[in-house]
$ cat final_30.cif   # mmCIF, C-alpha atoms
data_final
loop_
_atom_site.label_atom_id
_atom_site.label_comp_id
_atom_site.auth_asym_id
_atom_site.auth_seq_id
_atom_site.Cartn_x
_atom_site.Cartn_y
_atom_site.Cartn_z
CA MET A 1 0.00 0.00 0.00
CA GLY A 2 1.30 3.43 -0.80
CA TYR A 3 -0.10 6.93 -0.59
CA ILE A 4 0.71 10.59 0.01
CA SER A 5 0.14 11.42 3.67
CA ASN A 6 0.08 15.17 3.07
CA ILE A 7 1.34 17.91 0.78
CA ILE A 8 2.98 20.93 2.40
CA ASN A 9 4.87 23.70 0.56
CA ASN A 10 4.66 21.72 -2.69
CA MET A 11 6.35 18.68 -1.12
CA ALA A 12 4.59 15.34 -0.67
CA ASN A 13 5.30 12.76 2.04
CA ILE A 14 5.18 9.23 0.63
CA VAL A 15 3.96 6.47 2.94
CA ILE A 16 4.52 2.78 2.15
CA GLN A 17 3.33 -0.28 4.03
CA THR A 18 4.02 -3.80 2.81
CA GLU A 19 2.41 -6.86 4.33
CA GLU A 20 4.88 -9.57 5.29
CA GLU A 21 3.83 -11.97 2.53
CA TYR A 22 4.54 -9.37 -0.19
CA ARG A 23 7.95 -8.20 1.02
CA ASN A 24 11.14 -8.66 -1.02
CA LYS A 25 9.21 -8.90 -4.30
CA GLY A 26 9.85 -5.36 -5.55
CA PHE A 27 6.28 -4.12 -5.04
CA ALA A 28 7.18 -1.29 -2.64
CA THR A 29 9.83 0.04 -5.02
CA LYS A 30 7.37 0.05 -7.93
CA ILE A 31 4.77 1.87 -5.85
CA VAL A 32 7.29 4.50 -4.68
CA GLU A 33 8.46 5.02 -8.28
CA LYS A 34 4.89 5.43 -9.54
CA ILE A 35 3.87 7.84 -6.77
CA SER A 36 7.09 9.82 -7.30
CA ARG A 37 6.48 10.13 -11.05
CA LYS A 38 2.91 11.34 -10.44
CA CYS A 39 4.16 13.94 -7.97
CA LEU A 40 6.80 15.21 -10.36
CA GLN A 41 4.27 15.40 -13.22
CA LYS A 42 2.20 17.70 -11.01
CA GLY A 43 5.20 19.81 -9.98
CA ILE A 44 5.27 18.35 -6.47
CA ILE A 45 8.52 17.22 -4.83
CA PRO A 46 8.23 13.65 -3.48
CA ILE A 47 9.76 13.03 -0.04
CA TYR A 48 10.40 9.56 1.35
CA TRP A 49 11.05 9.59 5.13
CA VAL A 50 12.94 6.56 6.41
CA ASN A 51 13.69 5.47 9.96
CA LYS A 52 17.47 5.08 10.27
CA ASP A 53 17.05 1.50 11.55
CA ASN A 54 14.70 0.37 8.76
CA GLU A 55 17.11 -1.21 6.28
CA SER A 56 14.33 -2.56 4.04
CA SER A 57 12.80 0.89 3.67
CA LYS A 58 16.20 2.46 3.03
CA ASN A 59 16.76 -0.11 0.26
CA VAL A 60 13.39 0.75 -1.31
CA ALA A 61 14.30 4.44 -1.28
CA LYS A 62 17.68 3.76 -2.88
CA LYS A 63 16.22 1.48 -5.57
CA ALA A 64 13.57 4.12 -6.36
CA GLY A 65 16.30 6.72 -6.91
CA PHE A 66 16.07 8.71 -3.69
CA LYS A 67 19.19 10.19 -2.14
CA LEU A 68 19.82 11.18 1.47
CA LEU A 69 19.47 14.95 1.74
CA SER A 70 19.16 15.44 5.47
CA LYS A 71 18.84 13.71 8.80
CA GLU A 72 16.21 14.61 11.35
CA ILE A 73 15.84 13.88 15.04
CA VAL A 74 12.27 13.36 16.25
CA LEU A 75 11.51 13.54 19.95
CA SER A 76 8.33 12.41 21.63
CA ILE A 77 7.27 12.92 25.22
#

$ encode --input "final_30.cif" --output "structure tokens"
Amino acid sequence: MGYISNIINNMANIVIQTEEEYRNKGFATKIVEKISRKCLQKGIIPIYWVNKDNESSKNVAKKAGFKLLSKEIVLSI
């Protein structure tokens, strides 16, 4: 499953969730690529946030052509 969670300042946050049985089959990468292309066609910058410990998600981002631009620290109380 993939979707845009929100669009702020002409940038779109891409959200991907893959059920266990469909992992490692390339589906997430294809979805990210398709969503990214649609965003770019509409003049929207796609953003793919990845938890630093989520190696699978980092691999999807890399395969889809994303590059690390910044790191962010999120705190919750």

$ resolve_selection --input "final_30.cif" --expression "the PyMOL selection byres ((chain A and resi 42-58) around 7)" --output "list in words"
Asn10, Met11, Ala12, Asn13, Ile14, Ser36, Lys38, Cys39, Leu40, Gln41, Asn59, Val60, Ala61 and Lys62 of chain A

$ write_last_selection --input "final_30.cif" --atoms "C-alpha atoms" --output "CSV table (one decimal), in the coordinates of the input"
chain,number,residue,atom,x,y,z
A,10,ASN,CA,4.7,21.7,-2.7
A,11,MET,CA,6.4,18.7,-1.1
A,12,ALA,CA,4.6,15.3,-0.7
A,13,ASN,CA,5.3,12.8,2.0
A,14,ILE,CA,5.2,9.2,0.6
A,36,SER,CA,7.1,9.8,-7.3
A,38,LYS,CA,2.9,11.3,-10.4
A,39,CYS,CA,4.2,13.9,-8.0
A,40,LEU,CA,6.8,15.2,-10.4
A,41,GLN,CA,4.3,15.4,-13.2
A,59,ASN,CA,16.8,-0.1,0.3
A,60,VAL,CA,13.4,0.8,-1.3
A,61,ALA,CA,14.3,4.4,-1.3
A,62,LYS,CA,17.7,3.8,-2.9

$ closest_residue --input "final_30.cif" --among "A:Ala64, A:Asn9, A:Ile73, A:Arg23" --to "Arg37 (chain A)" --atoms "all atoms listed in the file"
A:Ala64

$ atom_distance --input "final_30.cif" --atom1 "CA of Met1 (chain A)" --atom2 "CA of Leu68 (chain A)"
22.8 Å

$ atom_distance --input "final_30.cif" --atom1 "CA of Lys34 (chain A)" --atom2 "CA of Glu20 (chain A)"
21.1 Å

$ atom_distance --input "final_30.cif" --atom1 "CA of Thr29 (chain A)" --atom2 "CA of Ile8 (chain A)"
23.2 Å

$ build_atoms --input "final_30.cif" --residues "region 14-49 of chain A" --atoms "N, CA and C atoms" --output "PDB file, keeping the file's coordinate frame"
ATOM      1  N   ILE A  14       5.598  10.544   1.119  1.00  0.00           N
ATOM      2  CA  ILE A  14       5.180   9.230   0.630  1.00  0.00           C
ATOM      3  C   ILE A  14       5.181   8.247   1.789  1.00  0.00           C
ATOM      4  N   VAL A  15       4.087   7.493   1.909  1.00  0.00           N
ATOM      5  CA  VAL A  15       3.960   6.470   2.940  1.00  0.00           C
ATOM      6  C   VAL A  15       3.799   5.113   2.255  1.00  0.00           C
ATOM      7  N   ILE A  16       4.577   4.135   2.710  1.00  0.00           N
ATOM      8  CA  ILE A  16       4.520   2.780   2.150  1.00  0.00           C
ATOM      9  C   ILE A  16       4.351   1.785   3.291  1.00  0.00           C
ATOM     10  N   GLN A  17       3.478   0.823   3.076  1.00  0.00           N
ATOM     11  CA  GLN A  17       3.330  -0.280   4.030  1.00  0.00           C
ATOM     12  C   GLN A  17       3.193  -1.555   3.225  1.00  0.00           C
ATOM     13  N   THR A  18       4.040  -2.528   3.534  1.00  0.00           N
ATOM     14  CA  THR A  18       4.020  -3.800   2.810  1.00  0.00           C
ATOM     15  C   THR A  18       3.756  -4.930   3.784  1.00  0.00           C
ATOM     16  N   GLU A  19       2.705  -5.684   3.504  1.00  0.00           N
ATOM     17  CA  GLU A  19       2.410  -6.860   4.330  1.00  0.00           C
ATOM     18  C   GLU A  19       3.532  -7.875   4.181  1.00  0.00           C
ATOM     19  N   GLU A  20       3.778  -8.607   5.220  1.00  0.00           N
ATOM     20  CA  GLU A  20       4.880  -9.570   5.290  1.00  0.00           C
ATOM     21  C   GLU A  20       4.959 -10.482   4.056  1.00  0.00           C
ATOM     22  N   GLU A  21       3.828 -11.011   3.632  1.00  0.00           N
ATOM     23  CA  GLU A  21       3.830 -11.970   2.530  1.00  0.00           C
ATOM     24  C   GLU A  21       4.234 -11.371   1.184  1.00  0.00           C
ATOM     25  N   TYR A  22       4.201 -10.031   1.079  1.00  0.00           N
ATOM     26  CA  TYR A  22       4.540  -9.370  -0.190  1.00  0.00           C
ATOM     27  C   TYR A  22       5.906  -8.692  -0.163  1.00  0.00           C
ATOM     28  N   ARG A  23       6.645  -8.842   0.917  1.00  0.00           N
ATOM     29  CA  ARG A  23       7.950  -8.200   1.020  1.00  0.00           C
ATOM     30  C   ARG A  23       8.995  -8.909   0.160  1.00  0.00           C
ATOM     31  N   ASN A  24      10.014  -8.155  -0.220  1.00  0.00           N
ATOM     32  CA  ASN A  24      11.140  -8.660  -1.020  1.00  0.00           C
ATOM     33  C   ASN A  24      10.717  -9.147  -2.402  1.00  0.00           C
ATOM     34  N   LYS A  25       9.671  -8.551  -2.951  1.00  0.00           N
ATOM     35  CA  LYS A  25       9.210  -8.900  -4.300  1.00  0.00           C
ATOM     36  C   LYS A  25       9.274  -7.692  -5.242  1.00  0.00           C
ATOM     37  N   GLY A  26       9.708  -6.548  -4.719  1.00  0.00           N
ATOM     38  CA  GLY A  26       9.850  -5.360  -5.550  1.00  0.00           C
ATOM     39  C   GLY A  26       8.596  -4.492  -5.634  1.00  0.00           C
ATOM     40  N   PHE A  27       7.516  -4.882  -4.968  1.00  0.00           N
ATOM     41  CA  PHE A  27       6.280  -4.120  -5.040  1.00  0.00           C
ATOM     42  C   PHE A  27       6.421  -2.715  -4.451  1.00  0.00           C
ATOM     43  N   ALA A  28       7.041  -2.600  -3.298  1.00  0.00           N
ATOM     44  CA  ALA A  28       7.180  -1.290  -2.640  1.00  0.00           C
ATOM     45  C   ALA A  28       7.967  -0.325  -3.530  1.00  0.00           C
ATOM     46  N   THR A  29       9.027  -0.816  -4.136  1.00  0.00           N
ATOM     47  CA  THR A  29       9.830   0.040  -5.020  1.00  0.00           C
ATOM     48  C   THR A  29       8.999   0.539  -6.195  1.00  0.00           C
ATOM     49  N   LYS A  30       8.221  -0.341  -6.792  1.00  0.00           N
ATOM     50  CA  LYS A  30       7.370   0.050  -7.930  1.00  0.00           C
ATOM     51  C   LYS A  30       6.344   1.094  -7.510  1.00  0.00           C
ATOM     52  N   ILE A  31       5.763   0.914  -6.333  1.00  0.00           N
ATOM     53  CA  ILE A  31       4.770   1.870  -5.850  1.00  0.00           C
ATOM     54  C   ILE A  31       5.419   3.231  -5.592  1.00  0.00           C
ATOM     55  N   VAL A  32       6.579   3.237  -4.952  1.00  0.00           N
ATOM     56  CA  VAL A  32       7.290   4.500  -4.680  1.00  0.00           C
ATOM     57  C   VAL A  32       7.652   5.195  -5.996  1.00  0.00           C
ATOM     58  N   GLU A  33       8.115   4.440  -6.973  1.00  0.00           N
ATOM     59  CA  GLU A  33       8.460   5.020  -8.280  1.00  0.00           C
ATOM     60  C   GLU A  33       7.236   5.641  -8.940  1.00  0.00           C
ATOM     61  N   LYS A  34       6.116   4.935  -8.907  1.00  0.00           N
ATOM     62  CA  LYS A  34       4.890   5.430  -9.540  1.00  0.00           C
ATOM     63  C   LYS A  34       4.377   6.694  -8.846  1.00  0.00           C
ATOM     64  N   ILE A  35       4.318   6.660  -7.514  1.00  0.00           N
ATOM     65  CA  ILE A  35       3.870   7.840  -6.770  1.00  0.00           C
ATOM     66  C   ILE A  35       4.801   9.019  -7.041  1.00  0.00           C
ATOM     67  N   SER A  36       6.105   8.762  -7.053  1.00  0.00           N
ATOM     68  CA  SER A  36       7.090   9.820  -7.300  1.00  0.00           C
ATOM     69  C   SER A  36       6.897  10.443  -8.676  1.00  0.00           C
ATOM     70  N   ARG A  37       6.700   9.614  -9.688  1.00  0.00           N
ATOM     71  CA  ARG A  37       6.480  10.130 -11.050  1.00  0.00           C
ATOM     72  C   ARG A  37       5.238  11.006 -11.106  1.00  0.00           C
ATOM     73  N   LYS A  38       4.150  10.562 -10.458  1.00  0.00           N
ATOM     74  CA  LYS A  38       2.910  11.340 -10.440  1.00  0.00           C
ATOM     75  C   LYS A  38       3.131  12.693  -9.772  1.00  0.00           C
ATOM     76  N   CYS A  39       3.850  12.679  -8.661  1.00  0.00           N
ATOM     77  CA  CYS A  39       4.160  13.940  -7.970  1.00  0.00           C
ATOM     78  C   CYS A  39       4.911  14.877  -8.891  1.00  0.00           C
ATOM     79  N   LEU A  40       5.971  14.374  -9.500  1.00  0.00           N
ATOM     80  CA  LEU A  40       6.800  15.210 -10.360  1.00  0.00           C
ATOM     81  C   LEU A  40       6.019  15.755 -11.555  1.00  0.00           C
ATOM     82  N   GLN A  41       5.116  14.940 -12.111  1.00  0.00           N
ATOM     83  CA  GLN A  41       4.270  15.400 -13.220  1.00  0.00           C
ATOM     84  C   GLN A  41       3.404  16.576 -12.801  1.00  0.00           C
ATOM     85  N   LYS A  42       3.048  16.630 -11.530  1.00  0.00           N
ATOM     86  CA  LYS A  42       2.200  17.700 -11.010  1.00  0.00           C
ATOM     87  C   LYS A  42       3.019  18.832 -10.381  1.00  0.00           C
ATOM     88  N   GLY A  43       4.344  18.765 -10.521  1.00  0.00           N
ATOM     89  CA  GLY A  43       5.200  19.810  -9.980  1.00  0.00           C
ATOM     90  C   GLY A  43       5.366  19.742  -8.470  1.00  0.00           C
ATOM     91  N   ILE A  44       5.161  18.556  -7.913  1.00  0.00           N
ATOM     92  CA  ILE A  44       5.270  18.350  -6.470  1.00  0.00           C
ATOM     93  C   ILE A  44       6.532  17.527  -6.191  1.00  0.00           C
ATOM     94  N   ILE A  45       7.285  17.923  -5.180  1.00  0.00           N
ATOM     95  CA  ILE A  45       8.520  17.220  -4.830  1.00  0.00           C
ATOM     96  C   ILE A  45       8.184  16.041  -3.911  1.00  0.00           C
ATOM     97  N   PRO A  46       8.495  14.801  -4.339  1.00  0.00           N
ATOM     98  CA  PRO A  46       8.230  13.650  -3.480  1.00  0.00           C
ATOM     99  C   PRO A  46       9.294  13.526  -2.380  1.00  0.00           C
ATOM    100  N   ILE A  47       8.846  13.230  -1.171  1.00  0.00           N
ATOM    101  CA  ILE A  47       9.760  13.030  -0.040  1.00  0.00           C
ATOM    102  C   ILE A  47       9.471  11.657   0.548  1.00  0.00           C
ATOM    103  N   TYR A  48      10.526  10.908   0.797  1.00  0.00           N
ATOM    104  CA  TYR A  48      10.400   9.560   1.350  1.00  0.00           C
ATOM    105  C   TYR A  48      11.156   9.532   2.672  1.00  0.00           C
ATOM    106  N   TRP A  49      10.429   9.626   3.800  1.00  0.00           N
ATOM    107  CA  TRP A  49      11.050   9.590   5.130  1.00  0.00           C
ATOM    108  C   TRP A  49      11.343   8.151   5.493  1.00  0.00           C
TER     109      TRP A  49
END
